[in-house]
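K.L.:
Below is the file final03.json, with JSON, C-alpha atoms and all ligand atoms.
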[["chain", "number", "residue", "atom", "x", "y", "z"],
["A", 24, "MET", "CA", -55.32, 31.87, -60.83],
["A", 25, "SER", "CA", -51.79, 30.57, -60.41],
["A", 26, "HIS", "CA", -50.03, 30.60, -57.09],
["A", 27, "LEU", "CA", -48.85, 33.90, -55.66],
["A", 28, "ASP", "CA", -45.39, 35.15, -56.59],
["A", 29, "PRO", "CA", -42.84, 34.59, -53.87],
["A", 30, "ASP", "CA", -41.96, 38.28, -53.92],
["A", 31, "ARG", "CA", -45.60, 39.15, -53.27],
["A", 32, "LEU", "CA", -45.69, 36.67, -50.39],
["A", 33, "ALA", "CA", -42.50, 38.20, -48.97],
["A", 34, "LEU", "CA", -43.95, 41.70, -49.15],
["A", 35, "ILE", "CA", -47.21, 40.58, -47.56],
["A", 36, "ALA", "CA", -45.20, 38.89, -44.82],
["A", 37, "VAL", "CA", -43.43, 42.14, -43.97],
["A", 38, "GLY", "CA", -46.70, 44.05, -43.81],
["A", 39, "GLU", "CA", -48.01, 44.86, -47.28],
["A", 40, "THR", "CA", -51.78, 44.45, -47.66],
["A", 41, "PRO", "CA", -52.75, 41.66, -50.05],
["A", 42, "THR", "CA", -55.05, 42.53, -52.93],
["A", 43, "ASP", "CA", -58.56, 41.08, -52.90],
["A", 44, "ALA", "CA", -57.53, 38.45, -55.43],
["A", 45, "GLU", "CA", -54.45, 37.51, -53.41],
["A", 46, "HIS", "CA", -56.54, 37.40, -50.26],
["A", 47, "ALA", "CA", -59.06, 35.10, -51.89],
["A", 48, "HIS", "CA", -56.30, 32.83, -53.17],
["A", 49, "LEU", "CA", -54.62, 32.66, -49.75],
["A", 50, "ARG", "CA", -57.92, 31.57, -48.20],
["A", 51, "THR", "CA", -58.24, 28.60, -50.51],
["A", 52, "CYS", "CA", -54.63, 27.61, -51.27],
["A", 53, "ASP", "CA", -52.84, 25.63, -48.56],
["A", 54, "ALA", "CA", -49.47, 25.89, -50.29],
["A", 55, "CYS", "CA", -49.49, 29.68, -50.45],
["A", 56, "SER", "CA", -50.96, 30.21, -47.00],
["A", 57, "LEU", "CA", -48.38, 27.85, -45.52],
["A", 58, "GLU", "CA", -45.66, 29.67, -47.39],
["A", 59, "LEU", "CA", -46.92, 32.99, -46.06],
["A", 60, "ALA", "CA", -47.11, 31.63, -42.52],
["A", 61, "GLU", "CA", -43.49, 30.50, -42.78],
["A", 62, "LEU", "CA", -42.40, 33.92, -44.05],
["A", 63, "GLU", "CA", -44.34, 35.71, -41.34],
["A", 64, "HIS", "CA", -42.71, 33.50, -38.77],
["A", 65, "ALA", "CA", -39.27, 34.41, -40.14],
["A", 66, "VAL", "CA", -40.17, 38.10, -39.99],
["A", 67, "ALA", "CA", -41.45, 37.79, -36.41],
["A", 68, "VAL", "CA", -38.28, 35.99, -35.35],
["A", 69, "GLY", "CA", -36.18, 38.64, -37.06],
["A", 70, "ARG", "CA", -37.99, 41.40, -35.22],
["A", 71, "SER", "CA", -37.93, 39.74, -31.84],
["A", 72, "THR", "CA", -34.29, 38.63, -31.87],
["A", 73, "VAL", "CA", -32.91, 42.06, -32.70],
["A", 74, "THR", "CA", -32.70, 43.91, -29.42],
["A", 75, "LEU", "CA", -32.37, 47.65, -29.10],
["A", 76, "GLY", "CA", -28.84, 47.41, -27.73],
["A", 77, "GLU", "CA", -27.59, 45.47, -30.73],
["A", 78, "LEU", "CA", -29.15, 47.97, -33.10],
["A", 79, "GLU", "CA", -26.79, 50.73, -32.03],
["A", 80, "THR", "CA", -24.26, 48.94, -34.22],
["A", 81, "PRO", "CA", -25.96, 47.18, -37.14],
["A", 82, "PRO", "CA", -24.92, 43.53, -37.38],
["A", 83, "GLU", "CA", -23.08, 43.90, -40.66],
["A", 84, "ARG", "CA", -21.53, 40.45, -40.48],
["A", 85, "VAL", "CA", -24.95, 38.85, -40.14],
["A", 86, "TRP", "CA", -26.34, 41.08, -42.85],
["A", 87, "ASN", "CA", -23.58, 40.16, -45.29],
["A", 88, "GLY", "CA", -24.11, 36.50, -44.49],
["A", 89, "ILE", "CA", -27.77, 36.78, -45.43],
["A", 90, "LEU", "CA", -26.97, 38.57, -48.68],
["A", 91, "ASP", "CA", -24.26, 36.04, -49.55],
["A", 92, "GLU", "CA", -26.64, 33.18, -48.99],
["A", 93, "ILE", "CA", -29.29, 34.77, -51.17],
["A", 94, "ARG", "CA", -26.79, 35.44, -53.94],
["A", 95, "SER", "CA", -25.27, 31.96, -53.87],
["A", 96, "GLN", "CA", -28.67, 30.30, -53.92],
["A", 97, "GLN", "CA", -29.89, 32.47, -56.75],
["A", 98, "ALA", "CA", -26.72, 31.55, -58.66],
["A", 99, "ALA", "CA", -27.29, 27.87, -57.93],
["A", 100, "ALA", "CA", -30.83, 27.95, -59.29],
["A", 101, "PRO", "CA", -30.81, 30.29, -62.26],
["A", 102, "GLU", "CA", -33.35, 28.31, -64.28],
["A", 103, "VAL", "CA", -36.21, 28.48, -61.84],
["A", 104, "ARG", "CA", -39.16, 30.56, -62.90],
["A", 105, "LEU", "CA", -40.70, 31.80, -59.73],
["A", 106, "ASP", "CA", -44.10, 32.43, -61.24],
["A", 107, "SER", "CA", -44.30, 28.98, -62.79],
["A", 108, "PRO", "CA", -47.03, 26.90, -61.15],
["A", 109, "THR", "CA", -44.88, 23.80, -61.72],
["A", 110, "ALA", "CA", -41.99, 25.28, -59.81],
["A", 111, "VAL", "CA", -44.22, 26.32, -56.96],
["A", 112, "GLU", "CA", -45.98, 22.98, -56.75],
["A", 113, "ALA", "CA", -42.59, 21.30, -56.62],
["A", 114, "SER", "CA", -41.89, 23.14, -53.43],
["A", 115, "ALA", "CA", -45.00, 21.96, -51.65],
["A", 116, "PRO", "CA", -45.54, 20.63, -49.11],
["A", 117, "LEU", "CA", -43.09, 23.03, -47.52],
["A", 118, "ALA", "CA", -43.00, 21.20, -44.24],
["A", 119, "ALA", "CA", -41.17, 18.30, -45.89],
["A", 120, "ALA", "CA", -37.43, 18.67, -46.21],
["A", 121, "GLN", "CA", -37.38, 18.62, -49.94],
["A", 122, "PRO", "CA", -34.11, 19.44, -51.65],
["A", 123, "GLY", "CA", -34.21, 21.15, -54.99],
["A", 124, "ALA", "CA", -33.93, 24.48, -56.64],
["A", 125, "PRO", "CA", -37.47, 25.85, -56.08],
["A", 126, "ARG", "CA", -37.25, 25.13, -52.38],
["A", 127, "THR", "CA", -33.82, 26.75, -52.21],
["A", 128, "GLN", "CA", -35.10, 29.76, -54.08],
["A", 129, "ARG", "CA", -37.95, 30.05, -51.63],
["A", 130, "ARG", "CA", -35.51, 29.93, -48.76],
["A", 131, "GLY", "CA", -33.72, 32.85, -50.39],
["A", 132, "TRP", "CA", -36.94, 34.80, -50.43],
["A", 133, "MET", "CA", -37.54, 34.00, -46.79],
["A", 134, "LEU", "CA", -34.12, 35.35, -45.95],
["A", 135, "PHE", "CA", -34.84, 38.38, -48.07],
["A", 136, "ALA", "CA", -38.04, 38.97, -46.11],
["A", 137, "LEU", "CA", -36.10, 38.55, -42.88],
["A", 138, "ALA", "CA", -33.46, 41.02, -44.07],
["A", 139, "ALA", "CA", -36.16, 43.49, -45.12],
["A", 140, "SER", "CA", -37.79, 43.13, -41.73],
["A", 141, "ILE", "CA", -34.51, 43.83, -39.92],
["A", 142, "ALA", "CA", -33.92, 46.81, -42.21],
["A", 143, "ALA", "CA", -37.35, 48.21, -41.28],
["A", 144, "VAL", "CA", -36.57, 47.85, -37.56],
["A", 145, "LEU", "CA", -33.16, 49.47, -38.05],
["A", 146, "LEU", "CA", -34.80, 52.39, -39.82],
["A", 147, "VAL", "CA", -37.30, 52.94, -36.99],
["A", 148, "VAL", "CA", -34.59, 52.78, -34.34],
["A", 149, "GLY", "CA", -32.34, 55.09, -36.37],
["A", 150, "VAL", "CA", -35.08, 57.71, -36.56],
["A", 151, "TRP", "CA", -35.78, 57.30, -32.86],
["A", 152, "ASN", "CA", -32.11, 57.91, -32.08],
["A", 153, "ILE", "CA", -32.27, 61.16, -34.04],
["A", 154, "VAL", "CA", -35.49, 62.54, -32.57],
["A", 155, "ARG", "CA", -35.29, 61.41, -28.96],
["A", 156, "PRO", "CA", -34.01, 63.86, -26.37],
["A", 157, "SER", "CA", -30.31, 63.42, -25.72],
["A", 158, "GLN", "CA", -29.23, 62.05, -22.39],
["A", 159, "PRO", "CA", -27.78, 64.62, -19.99],
["A", 160, "VAL", "CA", -24.12, 64.15, -19.14],
["A", 161, "GLU", "CA", -22.69, 65.11, -15.77],
["A", 162, "ILE", "CA", -19.88, 67.62, -16.28],
["A", 163, "ALA", "CA", -19.19, 68.81, -12.73],
["A", 164, "SER", "CA", -20.11, 68.12, -9.14],
["A", 165, "ALA", "CA", -19.46, 69.50, -5.69],
["A", 166, "THR", "CA", -19.84, 68.61, -2.05],
["A", 167, "LEU", "CA", -21.42, 71.49, -0.16],
["A", 168, "ASP", "CA", -20.05, 72.06, 3.34],
["A", 169, "ALA", "CA", -21.80, 73.79, 6.21],
["A", 170, "PHE", "CA", -20.97, 77.28, 7.44],
["A", 171, "PRO", "CA", -20.38, 77.68, 11.21],
["A", 172, "ASP", "CA", -23.81, 79.25, 11.72],
["A", 173, "HIS", "CA", -25.45, 76.17, 10.21],
["A", 174, "PRO", "CA", -23.83, 73.19, 11.90],
["A", 175, "GLY", "CA", -25.07, 69.87, 10.62],
["A", 176, "ALA", "CA", -26.08, 71.20, 7.23],
["A", 177, "ALA", "CA", -24.69, 69.42, 4.17],
["A", 178, "GLY", "CA", -25.40, 69.31, 0.48],
["A", 179, "THR", "CA", -24.37, 68.23, -2.96],
["A", 180, "ALA", "CA", -24.41, 69.88, -6.35],
["A", 181, "ARG", "CA", -24.27, 68.38, -9.79],
["A", 182, "VAL", "CA", -24.11, 70.04, -13.20],
["A", 183, "THR", "CA", -25.40, 68.20, -16.24],
["A", 184, "GLU", "CA", -25.24, 69.19, -19.87],
["A", 185, "LEU", "CA", -27.39, 68.21, -22.83],
["A", 186, "ALA", "CA", -26.06, 67.73, -26.35],
["A", 187, "ASP", "CA", -27.31, 71.22, -27.28],
["A", 188, "GLY", "CA", -25.13, 72.74, -24.54],
["A", 189, "GLU", "CA", -27.97, 73.48, -22.10],
["A", 190, "ARG", "CA", -26.69, 73.10, -18.54],
["A", 191, "THR", "CA", -28.60, 72.52, -15.34],
["A", 192, "LEU", "CA", -27.48, 72.58, -11.72],
["A", 193, "THR", "CA", -29.17, 70.21, -9.29],
["A", 194, "VAL", "CA", -28.61, 70.80, -5.59],
["A", 195, "LYS", "CA", -29.61, 68.76, -2.57],
["A", 196, "LEU", "CA", -29.57, 70.24, 0.90],
["A", 197, "ASP", "CA", -29.78, 68.48, 4.23],
["A", 198, "ASP", "CA", -30.53, 71.12, 6.81],
["A", 199, "SER", "CA", -32.75, 70.59, 9.80],
["A", 200, "GLU", "CA", -33.23, 74.29, 10.42],
["A", 201, "ALA", "CA", -36.62, 75.69, 9.62],
["A", 202, "GLY", "CA", -36.00, 79.42, 9.76],
["A", 203, "ASP", "CA", -38.09, 82.25, 8.43],
["A", 204, "GLY", "CA", -37.51, 83.47, 4.92],
["A", 205, "PHE", "CA", -36.29, 81.25, 2.11],
["A", 206, "ARG", "CA", -33.19, 79.64, 0.64],
["A", 207, "GLU", "CA", -31.49, 80.79, -2.52],
["A", 208, "VAL", "CA", -29.00, 79.07, -4.81],
["A", 209, "TRP", "CA", -26.02, 81.01, -6.15],
["A", 210, "LEU", "CA", -23.00, 80.59, -8.37],
["A", 211, "ILE", "CA", -20.02, 82.62, -7.13],
["A", 212, "THR", "CA", -16.59, 83.24, -8.62],
["A", 213, "ALA", "CA", -13.61, 81.77, -6.78],
["A", 214, "ASP", "CA", -12.52, 85.19, -5.51],
["A", 215, "ALA", "CA", -16.13, 86.09, -4.59],
["A", 216, "SER", "CA", -15.95, 89.16, -6.85],
["A", 217, "ALA", "CA", -19.11, 88.22, -8.75],
["A", 218, "LEU", "CA", -22.16, 86.10, -8.18],
["A", 219, "VAL", "CA", -25.38, 85.14, -9.90],
["A", 220, "SER", "CA", -28.62, 83.90, -8.39],
["A", 221, "LEU", "CA", -30.09, 80.76, -9.92],
["A", 222, "GLY", "CA", -33.30, 80.92, -7.90],
["A", 223, "GLU", "CA", -35.12, 79.92, -4.77],
["A", 224, "LEU", "CA", -34.65, 76.44, -3.35],
["A", 225, "ASP", "CA", -38.03, 75.06, -2.41],
["A", 226, "GLY", "CA", -37.54, 72.05, -0.19],
["A", 227, "ARG", "CA", -34.44, 69.91, -0.08],
["A", 228, "LYS", "CA", -33.78, 69.51, -3.77],
["A", 229, "GLY", "CA", -33.94, 71.77, -6.78],
["A", 230, "THR", "CA", -32.80, 71.94, -10.38],
["A", 231, "PHE", "CA", -31.88, 75.24, -12.00],
["A", 232, "ALA", "CA", -30.89, 76.30, -15.49],
["A", 233, "VAL", "CA", -27.36, 77.68, -15.69],
["A", 234, "PRO", "CA", -27.41, 80.90, -17.79],
["A", 235, "ASP", "CA", -25.64, 80.47, -21.14],
["A", 236, "ASP", "CA", -23.21, 83.33, -20.47],
["A", 237, "ILE", "CA", -21.96, 81.90, -17.18],
["A", 238, "ASP", "CA", -18.58, 80.17, -17.41],
["A", 239, "LEU", "CA", -18.58, 77.58, -14.66],
["A", 240, "ARG", "CA", -14.77, 77.60, -14.62],
["A", 241, "ASP", "CA", -15.10, 81.15, -13.27],
["A", 242, "TYR", "CA", -18.32, 80.73, -11.28],
["A", 243, "VAL", "CA", -16.94, 77.69, -9.61],
["A", 244, "LEU", "CA", -18.58, 78.00, -6.18],
["A", 245, "VAL", "CA", -22.08, 76.70, -5.48],
["A", 246, "ASP", "CA", -23.68, 78.43, -2.52],
["A", 247, "ILE", "CA", -27.04, 78.08, -0.78],
["A", 248, "SER", "CA", -27.99, 81.00, 1.42],
["A", 249, "GLN", "CA", -30.66, 81.73, 3.98],
["A", 250, "GLU", "CA", -32.51, 84.82, 2.82],
["A", 251, "PRO", "CA", -34.82, 87.01, 4.90],
["A", 252, "LEU", "CA", -38.04, 88.31, 3.40],
["A", 253, "ASP", "CA", -36.62, 91.82, 3.12],
["A", 254, "GLY", "CA", -37.08, 92.44, -0.58],
["A", 255, "ASP", "CA", -33.31, 92.71, -1.11],
["A", 256, "PRO", "CA", -32.36, 90.63, -4.16],
["A", 257, "GLY", "CA", -28.70, 90.47, -3.07],
["A", 258, "HIS", "CA", -27.02, 87.72, -1.11],
["A", 259, "SER", "CA", -27.85, 88.00, 2.59],
["A", 260, "GLY", "CA", -24.35, 86.99, 3.62],
["A", 261, "ASP", "CA", -25.88, 84.10, 5.55],
["A", 262, "SER", "CA", -24.59, 81.10, 3.66],
["A", 263, "ILE", "CA", -25.82, 77.68, 4.77],
["A", 264, "VAL", "CA", -23.50, 75.52, 2.64],
["A", 265, "ARG", "CA", -20.94, 76.14, -0.08],
["A", 266, "GLY", "CA", -18.68, 73.99, -2.25],
["A", 267, "GLU", "CA", -16.38, 74.20, -5.21],
["A", 268, "LEU", "CA", -17.26, 72.43, -8.44],
["A", 269, "SER", "CA", -14.84, 69.84, -9.71],
["A", 270, "PHE", "CA", -15.04, 68.95, -13.36],
["A", 271, "GLY", "CA", -15.06, 65.34, -14.47],
["B", 1, "ZN", "ZN", -51.41, 29.16, -54.14]]
Would it be possible to restate this file's structure as structure tokens?

P.N.:
Amino acid sequence: MSHLDPDRLALIAVGETPTDAEHAHLRTCDACSLELAELEHAVAVGRSTVTLGELETPPERVWNGILDEIRSQQAAAPEVRLDSPTAVEASAPLAAAQPGAPRTQRRGWMLFALAASIAAVLLVVGVWNIVRPSQPVEIASATLDAFPDHPGAAGTARVTELADGERTLTVKLDDSEAGDGFREVWLITADASALVSLGELDGRKGTFAVPDDIDLRDYVLVDISQEPLDGDPGHSGDSIVRGELSFG
């Protein structure tokens, strides 16, 4: 059998499985196996040198450079028949710096393989960017100040929002008191005419979902109260800390 087509070698280098015949030829032909090794090296370099950060904006300038080089080299060597054994033999041994059209054509295929490899990585990262959970963005925060009955208490609150609009409030409370009952986290309107409970604070830190129908520009106060175990779902009136959200 004649040597393997360069396009087959390029495809094998980027991950396609060789046929049995191709596999058998690669085992016995130094020229083709060396060619494949060179292509695989180019692919590996292409994959390893493209970092995730750079992929956010595809390197179009680099990409165009690769395409230009392929086009110009194909134009410079229009007569070469890639499947001709003569042409392929002329390019071996590849390690030697041998000028000439077949060698140049091969270089074009290597660059094509490299470009295909980068395209595959870009595709994977693009899909990942679509399916991965979005990063929460902080939209408001507050410093929570102690009420006179709870000297020394302090806290912070922070509201984050996901791309889908889901908001969460995270509070931290520093309070040395260890009273009976439990602590509860509230959102309260500026004039204290309305309030909503977000839930019980277990420990010093908690994260709570903000109900969709709550406008934080109205419910601008974050409050943590000390609640007795009296079965009354309302606010006890015993606030530990409170603070007003400021929106970034
Ligand atoms: Zn061969």

K.L.:
Go through A:Arg94, A:Ala213, A:Leu185, A:Asp225 and flag the residue nearest Asp241 in chain A, using all atoms listed in the file for the distances.

P.N.:
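Between A:Arg94, A:Ala213, A:Leu185, A:Asp225, the residue approaching Asp241 in chain A most closely is A:Ala213.
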
K.L.:
Within 8 Å of ligand ZN 1 (chain B), counting all atoms listed in the file: which residues, as an MDAnalysis selection string?

P.N.:
chainID A and resid 25:27 48:49 51:56

K.L.:
Which is closest to Asp172 in chain A among A:Asn87, A:Ser199, A:Thr212, A:Ser262, if we use all atoms listed in the file?

P.N.:
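Distance minimum relative to Asp172 in chain A lands on A:Ser262.
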
K.L.:
Mind pulling up the distance from CA of Ala138 in chain A to CA of Asp43 in chain A?

P.N.:
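Interatomic distance here is 26.6 Å.
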
K.L.:
Using all atoms listed in the file, which protein or nucleic acid residues come within 8 Å of Leu221 in chain A? Drop anything in the same chain fewer than 3 positions from it, and give the result as a list in words.

P.N.:
Glu207, Val208, Trp209, Leu210, Phe231, Ala232 and Val233 of chain A

K.L.:
For Pro251 in chain A, which of A:Pro159, A:Pro234, A:Gly202, A:Gly222 is the closest residue, counting only C-alpha atoms?

P.N.:
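Of the candidates, the smallest distance to Pro251 in chain A is held by A:Gly202.
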
K.L.:
How many Å separate CA of Ser216 in chain A from CA of Ile263 in chain A?

P.N.:
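Taking CA of Ser216 in chain A as the start and CA of Ile263 in chain A as the end point, the length is 19.1 Å.
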
K.L.:
Between CA of Ile247 in chain A and CA of Leu224 in chain A, what is the distance, to one decimal in Å?

P.N.:
8.2 Å

K.L.:
Find, counting all atoms listed in the file, the residue in A:Thr42, A:Thr183, A:Ser164, A:Ser248 that gets nearest to Gly204 in chain A.

P.N.:
A:Ser248

K.L.:
For Asp253 in chain A, list every protein, DNA or RNA residue within 12 Å, evaluated using all atoms listed in the file, and leave out those in the same chain fewer than 5 positions away; present the list as a PyMOL selection string.

P.N.:
chain A and resi 203-205+258-259

K.L.:
Using the selection just defined, write its residues with C-alpha atoms as a JSON list (two decimals), in the coordinates of the input.

P.N.:
[["chain", "number", "residue", "atom", "x", "y", "z"],
["A", 203, "ASP", "CA", -38.09, 82.25, 8.43],
["A", 204, "GLY", "CA", -37.51, 83.47, 4.92],
["A", 205, "PHE", "CA", -36.29, 81.25, 2.11],
["A", 258, "HIS", "CA", -27.02, 87.72, -1.11],
["A", 259, "SER", "CA", -27.85, 88.00, 2.59]]

K.L.:
When you count only C-alpha atoms, which of these residues is closest to Ala65 in chain A: A:Ile211, A:Ala176, A:Ala44, A:Ile141?

P.N.:
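Closest to Ala65 in chain A, using only C-alpha atoms: A:Ile141.
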
K.L.:
If you count all atoms listed in the file, which residues fall within 12 Å of Leu244 in chain A, apart from same-chain ones fewer than 6 positions away, as a ChimeraX atom specification?

P.N.:
/A:163-168,179-182,192,208-220,238,262,264-269

K.L.:
Take the residues from that selection and put them in a file with C-alpha atoms, as a PDB file, in the coordinates of the input.

P.N.:
ATOM      1  CA  ALA A 163     -19.190  68.810 -12.730  1.00  0.00           C
ATOM      2  CA  SER A 164     -20.110  68.120  -9.140  1.00  0.00           C
ATOM      3  CA  ALA A 165     -19.460  69.500  -5.690  1.00  0.00           C
ATOM      4  CA  THR A 166     -19.840  68.610  -2.050  1.00  0.00           C
ATOM      5  CA  LEU A 167     -21.420  71.490  -0.160  1.00  0.00           C
ATOM      6  CA  ASP A 168     -20.050  72.060   3.340  1.00  0.00           C
ATOM      7  CA  THR A 179     -24.370  68.230  -2.960  1.00  0.00           C
ATOM      8  CA  ALA A 180     -24.410  69.880  -6.350  1.00  0.00           C
ATOM      9  CA  ARG A 181     -24.270  68.380  -9.790  1.00  0.00           C
ATOM     10  CA  VAL A 182     -24.110  70.040 -13.200  1.00  0.00           C
ATOM     11  CA  LEU A 192     -27.480  72.580 -11.720  1.00  0.00           C
ATOM     12  CA  VAL A 208     -29.000  79.070  -4.810  1.00  0.00           C
ATOM     13  CA  TRP A 209     -26.020  81.010  -6.150  1.00  0.00           C
ATOM     14  CA  LEU A 210     -23.000  80.590  -8.370  1.00  0.00           C
ATOM     15  CA  ILE A 211     -20.020  82.620  -7.130  1.00  0.00           C
ATOM     16  CA  THR A 212     -16.590  83.240  -8.620  1.00  0.00           C
ATOM     17  CA  ALA A 213     -13.610  81.770  -6.780  1.00  0.00           C
ATOM     18  CA  ASP A 214     -12.520  85.190  -5.510  1.00  0.00           C
ATOM     19  CA  ALA A 215     -16.130  86.090  -4.590  1.00  0.00           C
ATOM     20  CA  SER A 216     -15.950  89.160  -6.850  1.00  0.00           C
ATOM     21  CA  ALA A 217     -19.110  88.220  -8.750  1.00  0.00           C
ATOM     22  CA  LEU A 218     -22.160  86.100  -8.180  1.00  0.00           C
ATOM     23  CA  VAL A 219     -25.380  85.140  -9.900  1.00  0.00           C
ATOM     24  CA  SER A 220     -28.620  83.900  -8.390  1.00  0.00           C
ATOM     25  CA  ASP A 238     -18.580  80.170 -17.410  1.00  0.00           C
ATOM     26  CA  SER A 262     -24.590  81.100   3.660  1.00  0.00           C
ATOM     27  CA  VAL A 264     -23.500  75.520   2.640  1.00  0.00           C
ATOM     28  CA  ARG A 265     -20.940  76.140  -0.080  1.00  0.00           C
ATOM     29  CA  GLY A 266     -18.680  73.990  -2.250  1.00  0.00           C
ATOM     30  CA  GLU A 267     -16.380  74.200  -5.210  1.00  0.00           C
ATOM     31  CA  LEU A 268     -17.260  72.430  -8.440  1.00  0.00           C
ATOM     32  CA  SER A 269     -14.840  69.840  -9.710  1.00  0.00           C
TER      33      SER A 269
END

K.L.:
Return the single residue from A:Leu137, A:Ala169, A:Glu184, A:Gly175 that is closest to Asp246 in chain A, with distances computed using only C-alpha atoms.

P.N.:
A:Ala169

K.L.:
Can you pull out the residues contacting Met133 in chain A? Cut-off 9 Å, using all atoms listed in the file, and skip same-chain residues under 2 positions away; I want them as JSON, numbers by chain.

P.N.:
{"A": [29, 33, 61, 62, 63, 65, 66, 128, 129, 130, 131, 135, 136, 137, 138]}
